[in-house]
Amino acid sequence: MDGNPPPLTQPLLSCRGVSVDYVVGQRGARACNRITLDIHPGETVGLAGESGCGKSTFAFAITRMHNAPALISEGEILFEGRDVLKMSDRELRAFRWKETAMVFQSAMNALNPVITIGEQLIDVILAHQDVSRDAAWARGEELLETVGISKSRMTSYAHQLSGGMRQRVVIAIALVLRPKLIVMDEPTTALDVVVEREIMDELQDLKDRYGFAILFISHDLGLMGEICDRIGIMYAGNLVEMGVAEQVLERPRHPYTKGLVGSFPTIHGPKKRLHGIPGSPVNLLELPKGCNFQARCTSCFAPCTTTEPALEKVAEQPPHFAACHLVDTDAEATA
Amino acid sequence: MSDIAEITVEDMVIDFPVGGGLFRKQYLRAANGVSLTLRAGEALAIVGESGSGKSTCARAIARINMPTSGTIRVDGAEITDPGFRQSQRDYAAKVQMIFQDPFGSLNPVHTIRHHLARPIRIHAPKLSSTEVDERIIATLERVGLSPAAQTADKFPYELSGGQRQRVAIARALAVGARFILADEPISMLDVSIRLGILNLMDDMKRDGIGFMYITHDIATARYFAERTAVMYVGHMVEWGESDSVTQSPRHPYTQLLISAVPEAGIRKTRERKAKKAEIPMRTPESRGCPFAGRCLKVMDRCHADMPPITQLQEDHYVRCHLY
């Protein structure tokens with residue numbers, strides 16, 4: 001949390017050059033292009049970018065929850081050294097939820113409206129562990145209390161809960177088997193700021209207690225800056241910048257990150273006209289030659305239209321990566 | 001009809017029936033004692049969480065809902081008065097709404113041209129078809145959808161969310177709107193294009209268009225609107241000049257809202273700024289301050305009486321017993 005790189009442990013999750021394609025007719029739209037990303041135990045990693053940049057597709061791909069027409073076309077995903085892409089259905093079923101749980105964007109749709117909250121909580125326990133129904137029910141009650149909901153709510157239905165409570169229930173279900181990694185896909189987007197704040201605070205408390213790692217997917221950079229250790233920025237399927245949260249937000253290197261950071265009016269500080277990012281997101285079926293961001297980039301120059309920039313290290317300590325022809329490395333900047 | 005300079009809402013109360021029996025109707029008080037002024041060329045932001053009555057107030061100003069009591073005046077003339085001489089059509093041409101979801105507010109089977117031509121034909125029936133077309137092109141250019149001729153022939157699915165919201169703004173402009181009631185116009189859009197829409201609306205203020213900007217994001221309220229009103233469960237709890245309200249919030253609810261805004265690089269202390277309580281349902285019988293149940297500084301009289309309005313500065317008012 002103090003801006004230092006995470007300790008040199010074996011990564012919990014290691015993604016090496018993962019590509020995900022959506023097969024559309026004869027062509028493929030590449031939603032994730034050779035994403036390389038490590039998540040260490042207990043670390044919170046954020047992935048930000050606008051709609052359609054591939055961040056959710058990537059989250060689904062990690063646990064192989066993607067459906068056709070999405071297809072992982074290359075790369076490997078290692079979870080504690082085990083290859084997720086080579087797991088059998090049986091292994092995969094045990095792996096999902098027990099070791100990697102997911103919290104989806106719309107808690108409204110993630111819960112089953114016709115069975116009680118309690119049934120949904122213990123369903124996960126009974127599916128994965130050999131315990132009695134009563135024991136599972138007791139565990140469920142305990143979990144609801146840990147996320148700040150009275151255990152009497154076990155017999156409630158989703159529609160009887162507010163949006164914030166539903167999201168808490170979804171988080172409780174994710175925690176039920178004490179996973180080592182929780183993938184959160186815009187967990188608070190549909191909620192009010194005050195409720196969002198309460199849930200994020202609780203999440204931090206739970207994380208302190210259980211020590212899980214989080215892959216946090218959102219477009220809210222402000223929120224990410226508060227909770228993430230490292231942040232990755234995605235644009236049109238590419239990871240364009242990756243680094244320690246404070247570095248990425250305070251010294252963004254990629255023009256897209258600069259634009260994103262400059263897109264948020266602040267509540268304090270000077271009031272000045274902000275400009276955001278001109279243009280619209282690029283169509284994944286009509287990607288240009290060279291850098292995907294060229295059409296919206298104000299600093300575009302010749303090499304951008306011919307060569308795709310690779311993700312390169314721009315600063316050593318803490319490590320900071322960016323994929324742009326313009327980026328200055330620390331060495332050059334000080335020279 | 002001449003251009004409107006000011007819309008004034010005074011002590012507006014809106015009740016909705018929520019069941020009960022035939023002789024004992026139950027009501028929900030969605031807005032209680034709301035008074036506000038929209039001025040040409042200025043934006044008033046209404047900030048509050050879901051269910052705080054922000055949209056209800058906008059719908060009343062657009063004459064979609066009728067207030068239960070209170071008055072809405074347009075340059076002094078009361079629109080709630082049955083003898084109000086302007087027809088709904090004339091009024092609607094001047095006061096337009098923009099909705100949150102640009103995917104739901106455009107008809108998927110019609111072109112953008114159709115979306116703009118229809119309101120123009122309804123509100124300006126004397127225009128020839130070339131004049132209608134000219135106006136469509138000019139309006140699309142104005143909202144930054146160039147080349148306008150090509151855009152006009154597109155269908156909504158061919159446009160991005162931000163472009164669609166621009167079409168919704170163009171539709172309001174095409175009929176000559178002077179006031180735009182924008183109900184969370186950017187909350188469904190991508191972060192990178194939100195500012196484009198806000199800046200477009202900001203430019204429109206310079207042409208004398210007044211905005212009511214409904215949002216739950218108090219940071220954008222400060223960015224875009226000259227004045228901000230914070231609502232909680234149908235009540236305006238604090239209002240005034242945006243900078244004053246956001247930089248020195250006085251009402252405990254406003255303070256809670258502002259402390260909840262995420263700020264990069266600042267790890268918030270996890271101390272509680274409010275008691276955990278459900279947001280109350282307000283009925284016409286409810287007494288006291290609506291925030292009393294969650295307020296950390298609650299006093300006995302907060303449960304008994306609705307606080308009066310206190311003027312803190314020239315343009316900064318609060319409704320709280322603390323002041």
# chains A, B, ... in the order shown; residues from 1 in each chain; ligands from 1
call {"tool": "select_by_dssp", "arguments": {"residues": "stretch 1-122 of chain A", "states": "helix (DSSP H, G or I)", "output": "PyMOL selection string"}}
result
chain A and resi 55-62+84-86+89-98+107-110+117-122
call {"tool": "interface_residues", "arguments": {"of": "chain A", "to": "chain B", "cutoff": "8 Å", "atoms": "only C-alpha atoms", "output": "PDB file with C-alpha atoms, in the first residue's frame"}}
result
ATOM      1  CA  GLU A  50     -13.562   2.585 -21.441  1.00  0.00           C
ATOM      2  CA  SER A  51     -16.356   0.259 -22.556  1.00  0.00           C
ATOM      3  CA  ASP A 192     -24.826   5.767  -5.165  1.00  0.00           C
ATOM      4  CA  VAL A 193     -21.590   7.342  -3.974  1.00  0.00           C
ATOM      5  CA  VAL A 194     -22.384   7.013  -0.294  1.00  0.00           C
ATOM      6  CA  GLU A 196     -20.236   2.807  -2.822  1.00  0.00           C
ATOM      7  CA  ARG A 197     -18.059   4.301  -0.119  1.00  0.00           C
ATOM      8  CA  ASP A 201     -14.599   0.444   3.183  1.00  0.00           C
ATOM      9  CA  HIS A 219     -13.587   2.944 -15.252  1.00  0.00           C
ATOM     10  CA  ASP A 220     -13.487   5.032 -12.118  1.00  0.00           C
ATOM     11  CA  LEU A 221      -9.844   6.009 -11.797  1.00  0.00           C
ATOM     12  CA  GLY A 222     -10.466   7.967  -8.625  1.00  0.00           C
ATOM     13  CA  LEU A 223     -11.804   4.932  -6.837  1.00  0.00           C
ATOM     14  CA  MET A 224      -8.953   2.835  -8.184  1.00  0.00           C
ATOM     15  CA  GLY A 225      -6.379   5.302  -6.986  1.00  0.00           C
ATOM     16  CA  GLU A 226      -7.726   4.836  -3.496  1.00  0.00           C
ATOM     17  CA  ILE A 227      -7.769   1.081  -3.303  1.00  0.00           C
ATOM     18  CA  ALA A 245      -1.217   3.318  -8.707  1.00  0.00           C
ATOM     19  CA  GLU A 246       0.284   6.626  -7.570  1.00  0.00           C
ATOM     20  CA  LEU A 249      -2.234   8.570 -11.826  1.00  0.00           C
ATOM     21  CA  GLY A 259      -6.567  11.832 -21.187  1.00  0.00           C
ATOM     22  CA  LEU A 260      -8.381   9.510 -18.803  1.00  0.00           C
ATOM     23  CA  SER A 263     -11.375  13.392 -17.637  1.00  0.00           C
ATOM     24  CA  PHE A 264     -12.428  13.594 -14.014  1.00  0.00           C
ATOM     25  CA  PRO A 265     -13.501  16.892 -12.561  1.00  0.00           C
ATOM     26  CA  THR A 266     -12.233  17.041  -9.001  1.00  0.00           C
ATOM     27  CA  ILE A 267     -14.170  18.065  -5.973  1.00  0.00           C
ATOM     28  CA  HIS A 268     -11.350  20.132  -4.546  1.00  0.00           C
ATOM     29  CA  LYS A 271     -11.660  24.667 -11.244  1.00  0.00           C
ATOM     30  CA  LYS A 272     -10.480  24.659 -14.834  1.00  0.00           C
ATOM     31  CA  LEU A 274     -10.949  19.912 -18.773  1.00  0.00           C
ATOM     32  CA  HIS A 275     -10.868  18.377 -22.181  1.00  0.00           C
ATOM     33  CA  GLY A 276     -11.204  14.654 -21.840  1.00  0.00           C
ATOM     34  CA  ILE A 277     -10.274  12.622 -24.890  1.00  0.00           C
ATOM     35  CA  PRO A 278     -11.436  13.698 -28.326  1.00  0.00           C
ATOM     36  CA  GLY A 279     -13.154  11.292 -30.694  1.00  0.00           C
ATOM     37  CA  SER A 280     -14.792   7.944 -30.042  1.00  0.00           C
TER      38      SER A 280
END
call {"tool": "residues_around", "arguments": {"residues": "stretch 163-171 of chain A", "least_positions_apart": "3", "cutoff": "10 Å", "atoms": "only C-alpha atoms", "output": "ChimeraX atom specification"}}
result
/A:101-111,117-118,120-121,143-144,146-149,153-154,157-160,174-176,182,184,187-188,190-192,194-196,198-199,202-203
call {"tool": "atom_distance", "arguments": {"atom1": "atom CA of A:Val84", "atom2": "atom CA of A:His66"}}
result
13.0 Å
call {"tool": "residues_around", "arguments": {"residues": "A:Cys32", "least_positions_apart": "4", "cutoff": "10 Å", "atoms": "only C-alpha atoms", "output": "list in words"}}
result
Gly17, Val18, Ser19, Val20, Asp21, Tyr22, Cys53, Gly54, Lys55, Ser56, Thr57, Phe58, Ala61, Ile72, Ser73, Met234, Tyr235, Ala236, Gly237, Asn238 and Leu239 of chain A
call {"tool": "closest_residue", "arguments": {"among": "B:Ser286, B:Ser244, B:Gln26, B:Gln165", "to": "B:Phe99", "atoms": "only C-alpha atoms"}}
result
B:Gln165
call {"tool": "residues_around", "arguments": {"residues": "B:Ser105", "least_positions_apart": "2", "cutoff": "10 Å", "atoms": "only C-alpha atoms", "output": "PyMOL selection string"}}
result
chain B and resi 98-103+107-108+156+164-165+167-168
call {"tool": "write_last_selection", "arguments": {"atoms": "C-alpha atoms", "output": "JSON list (two decimals), in the first residue's frame"}}
result
[["chain", "number", "residue", "atom", "x", "y", "z"],
["B", 98, "ILE", "CA", -32.72, 14.96, -21.83],
["B", 99, "PHE", "CA", -32.74, 11.53, -20.30],
["B", 100, "GLN", "CA", -30.11, 9.34, -18.77],
["B", 101, "ASP", "CA", -30.10, 6.46, -21.20],
["B", 102, "PRO", "CA", -29.28, 7.47, -24.78],
["B", 103, "PHE", "CA", -29.84, 3.86, -25.81],
["B", 107, "ASN", "CA", -36.07, 4.85, -31.53],
["B", 108, "PRO", "CA", -33.89, 2.13, -33.07],
["B", 156, "PRO", "CA", -28.99, 5.04, -33.54],
["B", 164, "ARG", "CA", -26.44, 9.47, -29.19],
["B", 165, "GLN", "CA", -26.55, 11.79, -26.23],
["B", 167, "VAL", "CA", -28.50, 13.64, -30.78],
["B", 168, "ALA", "CA", -30.74, 13.94, -27.71]]
call {"tool": "residues_around", "arguments": {"residues": "A:His320", "least_positions_apart": "6", "cutoff": "6 Å", "atoms": "only C-alpha atoms", "output": "PyMOL selection string"}}
result
chain A and resi 242-243+313-314
call {"tool": "write_last_selection", "arguments": {"atoms": "C-alpha atoms", "output": "mmCIF file, in the first residue's frame"}}
result
data_model
loop_
_atom_site.group_PDB
_atom_site.id
_atom_site.type_symbol
_atom_site.label_atom_id
_atom_site.label_comp_id
_atom_site.auth_asym_id
_atom_site.auth_seq_id
_atom_site.Cartn_x
_atom_site.Cartn_y
_atom_site.Cartn_z
ATOM 1 C CA MET A 242 0.913 -0.547 -16.087
ATOM 2 C CA GLY A 243 2.446 0.619 -12.889
ATOM 3 C CA LYS A 313 9.605 -0.374 -19.082
ATOM 4 C CA VAL A 314 9.743 3.401 -18.666
#
call {"tool": "residues_around", "arguments": {"residues": "B:Gly41", "least_positions_apart": "2", "cutoff": "9 Å", "atoms": "only C-alpha atoms", "output": "ChimeraX atom specification"}}
result
/B:5,39,43,178-179,204-211
call {"tool": "closest_residue", "arguments": {"among": "B:Ile4, B:Leu38, B:Met201, B:Ile46", "to": "B:Ala93", "atoms": "only C-alpha atoms"}}
result
B:Ile4
call {"tool": "closest_residue", "arguments": {"among": "B:Glu184, B:Glu158, B:Glu226, B:Glu285", "to": "B:Asn32", "atoms": "only C-alpha atoms"}}
result
B:Glu285
call {"tool": "atom_distance", "arguments": {"atom1": "atom CA of B:Leu296", "atom2": "atom CA of A:Leu206"}}
result
24.8 Å
call {"tool": "atom_distance", "arguments": {"atom1": "atom CA of B:Val230", "atom2": "atom CA of B:Phe16"}}
result
21.4 Å
call {"tool": "closest_residue", "arguments": {"among": "A:Glu312, A:Arg64, A:Gln247, A:Val327", "to": "A:Ser88", "atoms": "only C-alpha atoms"}}
result
A:Arg64
call {"tool": "select_by_dssp", "arguments": {"residues": "stretch 42-163 of chain B", "states": "strand (DSSP E)", "output": "number ranges by chain"}}
result
B: 43-47, 69-74, 77-78, 95-98
